[in-house]
>>> print(open('run09.cif').read())   # mmCIF, N, CA and C atoms
data_my_file
loop_
_atom_site.label_atom_id
_atom_site.label_comp_id
_atom_site.auth_asym_id
_atom_site.auth_seq_id
_atom_site.Cartn_x
_atom_site.Cartn_y
_atom_site.Cartn_z
N ALA A 1411 126.73 119.25 71.89
CA ALA A 1411 125.42 118.64 72.08
C ALA A 1411 124.79 119.19 73.35
N VAL A 1412 123.50 119.11 73.44
CA VAL A 1412 122.84 119.60 74.64
C VAL A 1412 122.75 118.55 75.72
N SER A 1413 123.29 117.37 75.48
CA SER A 1413 123.39 116.37 76.53
C SER A 1413 124.38 116.90 77.57
N PRO A 1414 124.01 117.00 78.84
CA PRO A 1414 124.87 117.62 79.84
C PRO A 1414 126.30 117.06 79.90
N ARG A 1415 126.47 115.78 79.64
CA ARG A 1415 127.82 115.22 79.78
C ARG A 1415 128.75 115.54 78.61
N VAL A 1416 128.20 116.09 77.51
CA VAL A 1416 129.05 116.48 76.37
C VAL A 1416 128.70 117.89 75.88
N ALA A 1417 128.18 118.73 76.75
CA ALA A 1417 127.75 120.08 76.35
C ALA A 1417 128.82 121.14 76.58
N GLY A 1418 129.88 120.80 77.32
CA GLY A 1418 130.90 121.78 77.67
C GLY A 1418 132.07 121.82 76.71
N ILE A 1419 132.69 122.99 76.62
CA ILE A 1419 133.87 123.18 75.77
C ILE A 1419 134.99 123.72 76.65
N TYR A 1420 136.14 123.11 76.52
CA TYR A 1420 137.34 123.54 77.24
C TYR A 1420 138.40 123.89 76.22
N PHE A 1421 138.77 125.17 76.15
CA PHE A 1421 139.80 125.63 75.24
C PHE A 1421 141.14 125.46 75.95
N LYS A 1422 141.95 124.52 75.49
CA LYS A 1422 143.22 124.30 76.17
C LYS A 1422 144.40 124.69 75.31
N THR A 1423 144.52 124.12 74.16
CA THR A 1423 145.63 124.40 73.27
C THR A 1423 145.11 124.44 71.84
N PRO A 1424 145.89 124.97 70.93
CA PRO A 1424 145.44 124.98 69.54
C PRO A 1424 145.24 123.57 68.99
N GLN A 1425 145.93 122.61 69.57
CA GLN A 1425 145.78 121.23 69.11
C GLN A 1425 144.63 120.50 69.78
N GLY A 1426 144.06 121.08 70.81
CA GLY A 1426 143.06 120.31 71.52
C GLY A 1426 141.97 121.11 72.17
N LEU A 1427 140.83 121.12 71.55
CA LEU A 1427 139.61 121.60 72.18
C LEU A 1427 138.98 120.35 72.77
N PHE A 1428 138.63 120.41 74.03
CA PHE A 1428 138.09 119.24 74.69
C PHE A 1428 136.60 119.42 74.97
N ILE A 1429 135.84 118.36 74.73
CA ILE A 1429 134.42 118.34 75.08
C ILE A 1429 134.33 117.74 76.48
N VAL A 1430 133.68 118.46 77.38
CA VAL A 1430 133.58 118.06 78.79
C VAL A 1430 132.14 118.22 79.26
N PRO A 1431 131.79 117.65 80.41
CA PRO A 1431 130.45 117.90 80.96
C PRO A 1431 130.26 119.40 81.24
N TRP A 1432 129.04 119.86 81.16
CA TRP A 1432 128.75 121.28 81.34
C TRP A 1432 129.17 121.79 82.71
N ASP A 1433 129.14 120.91 83.72
CA ASP A 1433 129.48 121.32 85.08
C ASP A 1433 130.90 120.93 85.50
N SER A 1434 131.73 120.55 84.53
CA SER A 1434 133.13 120.21 84.81
C SER A 1434 133.89 121.46 85.24
N SER A 1435 134.85 121.30 86.13
CA SER A 1435 135.68 122.44 86.55
C SER A 1435 136.54 122.95 85.40
N ALA A 1436 136.70 122.15 84.34
CA ALA A 1436 137.49 122.57 83.17
C ALA A 1436 136.66 123.34 82.14
N CYS A 1437 135.35 123.30 82.25
CA CYS A 1437 134.46 123.88 81.23
C CYS A 1437 134.59 125.40 81.14
N ASP A 1438 134.84 125.91 79.92
CA ASP A 1438 134.89 127.36 79.68
C ASP A 1438 133.54 127.91 79.26
N ILE A 1439 132.88 127.22 78.34
CA ILE A 1439 131.52 127.58 77.91
C ILE A 1439 130.75 126.28 77.69
N TYR A 1440 129.44 126.38 77.68
CA TYR A 1440 128.66 125.17 77.39
C TYR A 1440 127.41 125.53 76.60
N LEU A 1441 126.95 124.55 75.85
CA LEU A 1441 125.77 124.68 75.00
C LEU A 1441 124.54 124.28 75.79
N ASP A 1442 123.50 125.07 75.65
CA ASP A 1442 122.23 124.79 76.30
C ASP A 1442 121.12 125.04 75.28
N LYS A 1443 119.98 124.43 75.49
CA LYS A 1443 118.83 124.63 74.62
C LYS A 1443 117.61 124.85 75.49
N VAL A 1444 116.97 126.00 75.31
CA VAL A 1444 115.79 126.36 76.10
C VAL A 1444 114.67 126.72 75.13
N SER A 1445 113.55 126.03 75.24
CA SER A 1445 112.38 126.29 74.38
C SER A 1445 112.76 126.33 72.90
N GLY A 1446 113.64 125.40 72.49
CA GLY A 1446 114.02 125.27 71.09
C GLY A 1446 115.12 126.20 70.62
N THR A 1447 115.64 127.06 71.51
CA THR A 1447 116.70 128.00 71.15
C THR A 1447 118.01 127.60 71.82
N PHE A 1448 119.09 127.56 71.03
CA PHE A 1448 120.41 127.25 71.57
C PHE A 1448 121.06 128.50 72.16
N TYR A 1449 121.82 128.28 73.24
CA TYR A 1449 122.59 129.34 73.88
C TYR A 1449 123.99 128.83 74.21
N LEU A 1450 124.97 129.73 74.13
CA LEU A 1450 126.31 129.47 74.65
C LEU A 1450 126.41 130.20 75.98
N ASN A 1451 126.72 129.46 77.03
CA ASN A 1451 126.79 130.00 78.38
C ASN A 1451 128.23 130.02 78.87
N THR A 1452 128.59 131.05 79.62
CA THR A 1452 129.92 131.10 80.22
C THR A 1452 129.90 130.40 81.57
N THR A 1453 131.08 130.16 82.10
CA THR A 1453 131.20 129.49 83.39
C THR A 1453 132.10 130.32 84.31
N ASN A 1454 132.11 129.94 85.58
CA ASN A 1454 132.90 130.60 86.60
C ASN A 1454 134.00 129.65 87.04
N LYS A 1455 135.26 130.11 86.93
CA LYS A 1455 136.39 129.31 87.38
C LYS A 1455 137.18 130.10 88.42
N SER A 1456 137.44 129.48 89.52
CA SER A 1456 138.22 130.12 90.58
C SER A 1456 137.66 131.49 90.95
N GLY A 1457 136.35 131.62 90.91
CA GLY A 1457 135.70 132.88 91.28
C GLY A 1457 135.70 133.93 90.19
N VAL A 1458 136.18 133.60 88.98
CA VAL A 1458 136.24 134.55 87.87
C VAL A 1458 135.39 134.01 86.72
N TRP A 1459 134.50 134.86 86.21
CA TRP A 1459 133.65 134.46 85.10
C TRP A 1459 134.38 134.56 83.78
N ASN A 1460 134.17 133.61 82.90
CA ASN A 1460 134.58 133.74 81.51
C ASN A 1460 133.60 134.73 80.86
N ASP A 1461 134.04 135.39 79.80
CA ASP A 1461 133.18 136.34 79.10
C ASP A 1461 132.95 135.87 77.67
N ILE A 1462 131.85 136.33 77.08
CA ILE A 1462 131.53 135.98 75.70
C ILE A 1462 130.91 137.18 75.01
N GLN A 1463 131.16 137.30 73.72
CA GLN A 1463 130.57 138.38 72.93
C GLN A 1463 130.21 137.85 71.54
N ASP A 1464 129.01 138.16 71.10
CA ASP A 1464 128.56 137.85 69.75
C ASP A 1464 129.10 138.93 68.83
N MET A 1465 129.97 138.55 67.89
CA MET A 1465 130.58 139.50 66.97
C MET A 1465 129.75 139.67 65.70
N GLY A 1466 128.61 138.99 65.64
CA GLY A 1466 127.72 139.12 64.49
C GLY A 1466 128.08 138.15 63.38
N TYR A 1467 127.38 138.32 62.25
CA TYR A 1467 127.60 137.44 61.11
C TYR A 1467 128.98 137.68 60.51
N THR A 1468 129.67 136.59 60.18
CA THR A 1468 130.95 136.66 59.49
C THR A 1468 130.95 135.65 58.35
N TYR A 1469 131.72 135.96 57.30
CA TYR A 1469 131.81 135.03 56.18
C TYR A 1469 132.69 133.83 56.50
N ASP A 1470 133.68 134.05 57.38
CA ASP A 1470 134.53 132.95 57.82
C ASP A 1470 135.13 133.29 59.17
N LEU A 1471 135.76 132.32 59.80
CA LEU A 1471 136.32 132.47 61.13
C LEU A 1471 137.41 133.53 61.17
N ASP A 1472 138.19 133.66 60.10
CA ASP A 1472 139.32 134.57 60.08
C ASP A 1472 138.93 136.04 59.95
N GLU A 1473 137.66 136.32 59.76
CA GLU A 1473 137.22 137.70 59.63
C GLU A 1473 137.41 138.48 60.95
N ILE A 1474 137.29 137.81 62.07
CA ILE A 1474 137.53 138.44 63.37
C ILE A 1474 139.00 138.24 63.71
N THR A 1475 139.77 139.35 63.72
CA THR A 1475 141.22 139.26 63.90
C THR A 1475 141.70 139.77 65.25
N PHE A 1476 140.79 140.35 66.04
CA PHE A 1476 141.19 140.92 67.31
C PHE A 1476 140.03 140.83 68.30
N ALA A 1477 140.32 140.41 69.52
CA ALA A 1477 139.29 140.33 70.56
C ALA A 1477 138.93 141.73 71.03
N PRO A 1478 137.66 142.00 71.27
CA PRO A 1478 137.25 143.33 71.71
C PRO A 1478 137.71 143.61 73.15
N GLY A 1479 137.80 144.89 73.48
CA GLY A 1479 138.16 145.29 74.85
C GLY A 1479 136.93 145.52 75.72
N THR A 1480 135.78 145.74 75.08
CA THR A 1480 134.53 145.99 75.80
C THR A 1480 133.39 145.29 75.07
N GLY A 1481 132.20 145.36 75.66
CA GLY A 1481 131.01 144.85 74.99
C GLY A 1481 130.67 143.40 75.33
N TRP A 1482 131.26 142.87 76.38
CA TRP A 1482 131.00 141.49 76.77
C TRP A 1482 129.57 141.35 77.28
N SER A 1483 129.00 140.18 77.12
CA SER A 1483 127.62 139.92 77.54
C SER A 1483 127.48 140.10 79.05
N ASP A 1484 126.57 140.97 79.45
CA ASP A 1484 126.26 141.15 80.87
C ASP A 1484 125.48 139.96 81.41
N LEU A 1485 124.82 139.22 80.52
CA LEU A 1485 124.00 138.09 80.93
C LEU A 1485 124.82 136.82 81.17
N GLY A 1486 126.00 136.73 80.54
CA GLY A 1486 126.81 135.52 80.67
C GLY A 1486 126.45 134.46 79.65
N TYR A 1487 125.60 134.81 78.71
CA TYR A 1487 125.24 133.87 77.64
C TYR A 1487 124.83 134.66 76.41
N VAL A 1488 124.85 133.96 75.26
CA VAL A 1488 124.41 134.54 74.00
C VAL A 1488 123.61 133.50 73.24
N GLU A 1489 122.68 133.96 72.42
CA GLU A 1489 121.94 133.05 71.55
C GLU A 1489 122.86 132.58 70.43
N VAL A 1490 122.75 131.30 70.08
CA VAL A 1490 123.56 130.73 69.01
C VAL A 1490 122.86 130.98 67.68
N ILE A 1491 123.58 131.63 66.76
CA ILE A 1491 123.04 131.93 65.44
C ILE A 1491 124.02 131.43 64.40
N THR A 1492 123.54 130.63 63.46
CA THR A 1492 124.40 130.10 62.40
C THR A 1492 125.05 131.24 61.64
N GLY A 1493 126.37 131.14 61.42
CA GLY A 1493 127.12 132.15 60.71
C GLY A 1493 127.70 133.24 61.60
N HIS A 1494 127.32 133.26 62.87
CA HIS A 1494 127.87 134.25 63.79
C HIS A 1494 129.17 133.73 64.39
N THR A 1495 130.08 134.67 64.67
CA THR A 1495 131.32 134.35 65.37
C THR A 1495 131.25 134.93 66.77
N TYR A 1496 131.70 134.15 67.73
CA TYR A 1496 131.68 134.54 69.14
C TYR A 1496 133.11 134.56 69.66
N VAL A 1497 133.44 135.58 70.45
CA VAL A 1497 134.75 135.65 71.08
C VAL A 1497 134.57 135.36 72.56
N ILE A 1498 135.46 134.54 73.09
CA ILE A 1498 135.44 134.14 74.50
C ILE A 1498 136.72 134.64 75.15
N TRP A 1499 136.58 135.24 76.32
CA TRP A 1499 137.72 135.68 77.14
C TRP A 1499 137.70 134.80 78.36
N THR A 1500 138.70 133.94 78.49
CA THR A 1500 138.70 132.94 79.56
C THR A 1500 139.23 133.53 80.87
N TRP A 1501 138.89 132.87 81.92
CA TRP A 1501 139.25 133.31 83.28
C TRP A 1501 140.76 133.47 83.47
N ASP A 1502 141.56 132.75 82.66
CA ASP A 1502 143.02 132.83 82.81
C ASP A 1502 143.64 133.71 81.72
N TYR A 1503 142.85 134.66 81.20
CA TYR A 1503 143.31 135.72 80.29
C TYR A 1503 143.73 135.25 78.91
N HIS A 1504 143.08 134.23 78.43
CA HIS A 1504 143.26 133.79 77.04
C HIS A 1504 142.00 134.16 76.26
N TYR A 1505 142.15 134.22 74.95
CA TYR A 1505 141.01 134.51 74.08
C TYR A 1505 140.81 133.34 73.12
N ALA A 1506 139.56 133.12 72.77
CA ALA A 1506 139.20 132.09 71.80
C ALA A 1506 138.08 132.67 70.95
N LYS A 1507 137.87 132.05 69.80
CA LYS A 1507 136.73 132.43 68.98
C LYS A 1507 136.15 131.17 68.37
N LEU A 1508 134.85 131.21 68.12
CA LEU A 1508 134.21 130.11 67.41
C LEU A 1508 133.14 130.67 66.50
N ARG A 1509 133.00 130.03 65.36
CA ARG A 1509 131.99 130.43 64.37
C ARG A 1509 131.07 129.25 64.14
N VAL A 1510 129.79 129.45 64.36
CA VAL A 1510 128.79 128.39 64.21
C VAL A 1510 128.54 128.15 62.73
N THR A 1511 128.76 126.90 62.29
CA THR A 1511 128.57 126.56 60.88
C THR A 1511 127.22 125.92 60.62
N ASN A 1512 126.66 125.21 61.61
CA ASN A 1512 125.34 124.58 61.46
C ASN A 1512 124.70 124.34 62.81
N LYS A 1513 123.37 124.32 62.81
CA LYS A 1513 122.61 123.94 64.00
C LYS A 1513 121.74 122.74 63.60
N TYR A 1514 121.67 121.78 64.49
CA TYR A 1514 120.84 120.60 64.28
C TYR A 1514 119.88 120.48 65.46
N THR A 1515 119.14 119.42 65.55
CA THR A 1515 118.16 119.28 66.61
C THR A 1515 118.79 119.35 68.01
N ASP A 1516 119.90 118.62 68.22
CA ASP A 1516 120.49 118.54 69.55
C ASP A 1516 121.95 118.95 69.63
N TYR A 1517 122.50 119.50 68.57
CA TYR A 1517 123.90 119.92 68.61
C TYR A 1517 124.19 120.96 67.54
N ILE A 1518 125.37 121.57 67.67
CA ILE A 1518 125.83 122.54 66.68
C ILE A 1518 127.20 122.09 66.18
N THR A 1519 127.60 122.62 65.03
CA THR A 1519 128.97 122.43 64.56
C THR A 1519 129.59 123.81 64.44
N PHE A 1520 130.92 123.86 64.63
CA PHE A 1520 131.59 125.16 64.60
C PHE A 1520 133.06 125.01 64.27
N GLU A 1521 133.64 126.13 63.83
CA GLU A 1521 135.08 126.26 63.65
C GLU A 1521 135.57 127.02 64.88
N TRP A 1522 136.83 126.87 65.23
CA TRP A 1522 137.31 127.57 66.41
C TRP A 1522 138.80 127.85 66.33
N ALA A 1523 139.24 128.79 67.17
CA ALA A 1523 140.66 129.10 67.30
C ALA A 1523 140.89 129.57 68.74
N TYR A 1524 142.12 129.40 69.20
CA TYR A 1524 142.48 129.72 70.58
C TYR A 1524 143.83 130.43 70.60
N GLN A 1525 143.91 131.53 71.32
CA GLN A 1525 145.15 132.28 71.45
C GLN A 1525 145.92 131.73 72.67
N THR A 1526 147.08 131.12 72.42
CA THR A 1526 147.84 130.48 73.50
C THR A 1526 148.60 131.48 74.38
N ALA A 1527 148.88 132.67 73.85
CA ALA A 1527 149.60 133.68 74.64
C ALA A 1527 148.62 134.44 75.53
N PRO A 1528 148.78 134.38 76.84
CA PRO A 1528 147.86 135.10 77.73
C PRO A 1528 147.87 136.61 77.45
N GLU A 1529 146.69 137.21 77.56
CA GLU A 1529 146.48 138.65 77.39
C GLU A 1529 146.75 139.16 75.98
N ASN A 1530 146.94 138.27 75.02
CA ASN A 1530 147.14 138.66 73.62
C ASN A 1530 145.79 138.61 72.91
N ARG A 1531 145.27 139.77 72.52
CA ARG A 1531 143.94 139.83 71.91
C ARG A 1531 143.96 139.54 70.42
N GLU A 1532 145.13 139.30 69.83
CA GLU A 1532 145.19 138.98 68.41
C GLU A 1532 144.56 137.62 68.15
N LEU A 1533 143.68 137.57 67.17
CA LEU A 1533 143.01 136.33 66.80
C LEU A 1533 143.14 136.06 65.31
N LYS A 1534 144.12 136.67 64.70
CA LYS A 1534 144.29 136.50 63.25
C LYS A 1534 145.10 135.24 62.96
N PRO A 1535 144.93 134.69 61.77
CA PRO A 1535 145.70 133.49 61.42
C PRO A 1535 147.17 133.85 61.18
N VAL A 1536 148.02 132.88 61.38
CA VAL A 1536 149.45 133.05 61.12
C VAL A 1536 149.64 133.04 59.60
N PRO A 1537 150.33 134.07 59.05
CA PRO A 1537 150.53 134.11 57.60
C PRO A 1537 151.33 132.91 57.11
N LYS A 1538 150.95 132.39 55.96
CA LYS A 1538 151.67 131.28 55.36
C LYS A 1538 152.92 131.82 54.69
N ARG A 1539 154.00 131.10 54.83
CA ARG A 1539 155.26 131.52 54.20
C ARG A 1539 155.25 131.17 52.71
N ALA A 1540 155.83 132.03 51.94
CA ALA A 1540 155.95 131.77 50.50
C ALA A 1540 156.92 130.63 50.29
N ARG A 1541 156.61 129.78 49.35
CA ARG A 1541 157.50 128.63 49.08
C ARG A 1541 158.22 128.79 47.79
#
>>> encode(input="run09.cif", output="structure tokens")
Amino acid sequence: AVSPRVAGIYFKTPQGLFIVPWDSSACDIYLDKVSGTFYLNTTNKSGVWNDIQDMGYTYDLDEITFAPGTGWSDLGYVEVITGHTYVIWTWDYHYAKLRVTNKYTDYITFEWAYQTAPENRELKPVPKRAR
């Protein structure tokens, strides 16, 4: 949501994405709305900026299987577009991705995934075992 107290996202574990205030020290990215347009903004933690990249339109979250090595936003933010997947590189060397599924007046909905192993750029799903 664009309400400042619930606009932040903190990627912690695969079991828990936390919604935090946009200016929380835990916030990795936050949602903002300027002149009717939504943006995902990165934050600075311990003097290190998180990075974000718009990977373009995807049919589903699993289409992006690897975090890029280059091409991060120089601006520190990206416009939110329904159907686009975004990769985030956190200050502590983890990667996350989110795919925007819908935009509403004051909030967005999305799917997401987080890589728990530091410096591991793989973002593919774990294969299901045959039963």
>>> atom_distance(input="run09.cif", atom1="CA of Leu1427 in chain A", atom2="CA of Ser1445 in chain A")
27.7 Å
>>> select_by_dssp(input="run09.cif", residues="range 1422-1462 of chain A", states="strand (DSSP E or B)", output="number ranges by chain")
A: 1422-1423, 1426-1430, 1439-1444, 1447-1452, 1454-1455, 1458-1459, 1461-1462
>>> closest_residue(input="run09.cif", among="A:Tyr1467, A:Trp1501, A:Ile1474, A:Ile1518", to="Asn1454 in chain A", atoms="all atoms listed in the file")
A:Trp1501
>>> atom_distance(input="run09.cif", atom1="CA of Asn1460 in chain A", atom2="CA of Glu1529 in chain A")
13.5 Å
>>> atom_distance(input="run09.cif", atom1="CA of Ser1413 in chain A", atom2="atom N of Gly1446 in chain A")
13.9 Å
>>> resolve_selection(input="run09.cif", expression="the PyMOL selection byres ((chain A and resi 1451) around 7)", output="MDAnalysis selection string")
chainID A and resid 1438:1442 1449:1450 1452:1453 1486:1488
>>> residues_around(input="run09.cif", residues="Tyr1420 in chain A", least_positions_apart="3", cutoff="7 Å", atoms="all atoms listed in the file", output="list in words")
Thr1423, Gly1426, Leu1427, Phe1428, Ile1429, Val1430, Ala1436, Cys1437, Asp1438 and Ile1439 of chain A
>>> resolve_selection(input="run09.cif", expression="the PyMOL selection byres (((chain A and resi 1509 and name CA) around 9) and name CA)", output="PyMOL selection string")
chain A and resi 1467-1468+1470-1471+1492-1497+1507-1508+1510-1511+1519-1522
>>> closest_residue(input="run09.cif", among="A:Ser1483, A:Gln1525, A:Ser1435, A:Thr1475", to="Tyr1505 in chain A", atoms="only N, CA and C atoms")
A:Gln1525
>>> select_by_dssp(input="run09.cif", residues="range 1413-1539 of chain A", states="helix (DSSP H, G or I)", output="JSON, numbers by chain")
{"A": [1414, 1415, 1416, 1471, 1472, 1473]}
>>> decode(input="run09.cif", residues="range 1477-1490 of chain A", atoms="N, CA, C and O atoms", output="compact mmCIF listing (two decimals), in the first residue's frame")
# COMPACT_ATOMS: atom_id res chain seq x y z
N ALA A 1477 19.25 -14.31 -11.25
CA ALA A 1477 19.40 -12.86 -11.08
C ALA A 1477 20.49 -12.35 -12.02
O ALA A 1477 21.51 -13.01 -12.21
N PRO A 1478 20.29 -11.19 -12.63
CA PRO A 1478 21.28 -10.65 -13.55
C PRO A 1478 22.54 -10.18 -12.82
O PRO A 1478 22.50 -9.87 -11.63
N GLY A 1479 23.64 -10.10 -13.55
CA GLY A 1479 24.88 -9.60 -12.98
C GLY A 1479 25.06 -8.10 -13.20
O GLY A 1479 25.82 -7.45 -12.50
N THR A 1480 24.33 -7.56 -14.19
CA THR A 1480 24.42 -6.13 -14.51
C THR A 1480 23.03 -5.62 -14.86
O THR A 1480 22.08 -6.40 -14.93
N GLY A 1481 22.94 -4.31 -15.09
CA GLY A 1481 21.69 -3.73 -15.56
C GLY A 1481 20.78 -3.21 -14.46
O GLY A 1481 19.61 -2.92 -14.71
N TRP A 1482 21.32 -3.04 -13.26
CA TRP A 1482 20.52 -2.55 -12.14
C TRP A 1482 20.14 -1.09 -12.37
O TRP A 1482 20.87 -0.35 -13.01
N SER A 1483 19.02 -0.69 -11.82
CA SER A 1483 18.53 0.68 -11.99
C SER A 1483 19.51 1.68 -11.39
O SER A 1483 19.86 1.60 -10.22
N ASP A 1484 19.96 2.62 -12.21
CA ASP A 1484 20.82 3.70 -11.72
C ASP A 1484 20.03 4.70 -10.88
O ASP A 1484 20.59 5.43 -10.08
N LEU A 1485 18.71 4.73 -11.07
CA LEU A 1485 17.86 5.67 -10.36
C LEU A 1485 17.50 5.20 -8.95
O LEU A 1485 17.14 6.00 -8.10
N GLY A 1486 17.55 3.88 -8.73
CA GLY A 1486 17.16 3.34 -7.42
C GLY A 1486 15.67 3.07 -7.32
O GLY A 1486 15.17 2.75 -6.25
N TYR A 1487 14.97 3.19 -8.43
CA TYR A 1487 13.54 2.88 -8.45
C TYR A 1487 13.14 2.45 -9.85
O TYR A 1487 13.86 2.69 -10.82
N VAL A 1488 11.97 1.79 -9.92
CA VAL A 1488 11.41 1.37 -11.20
C VAL A 1488 9.90 1.61 -11.16
O VAL A 1488 9.29 1.57 -10.10
N GLU A 1489 9.32 1.86 -12.32
CA GLU A 1489 7.87 1.98 -12.41
C GLU A 1489 7.26 0.59 -12.27
O GLU A 1489 7.77 -0.39 -12.79
N VAL A 1490 6.15 0.52 -11.55
CA VAL A 1490 5.43 -0.75 -11.35
C VAL A 1490 4.49 -0.98 -12.52
O VAL A 1490 3.64 -0.14 -12.82
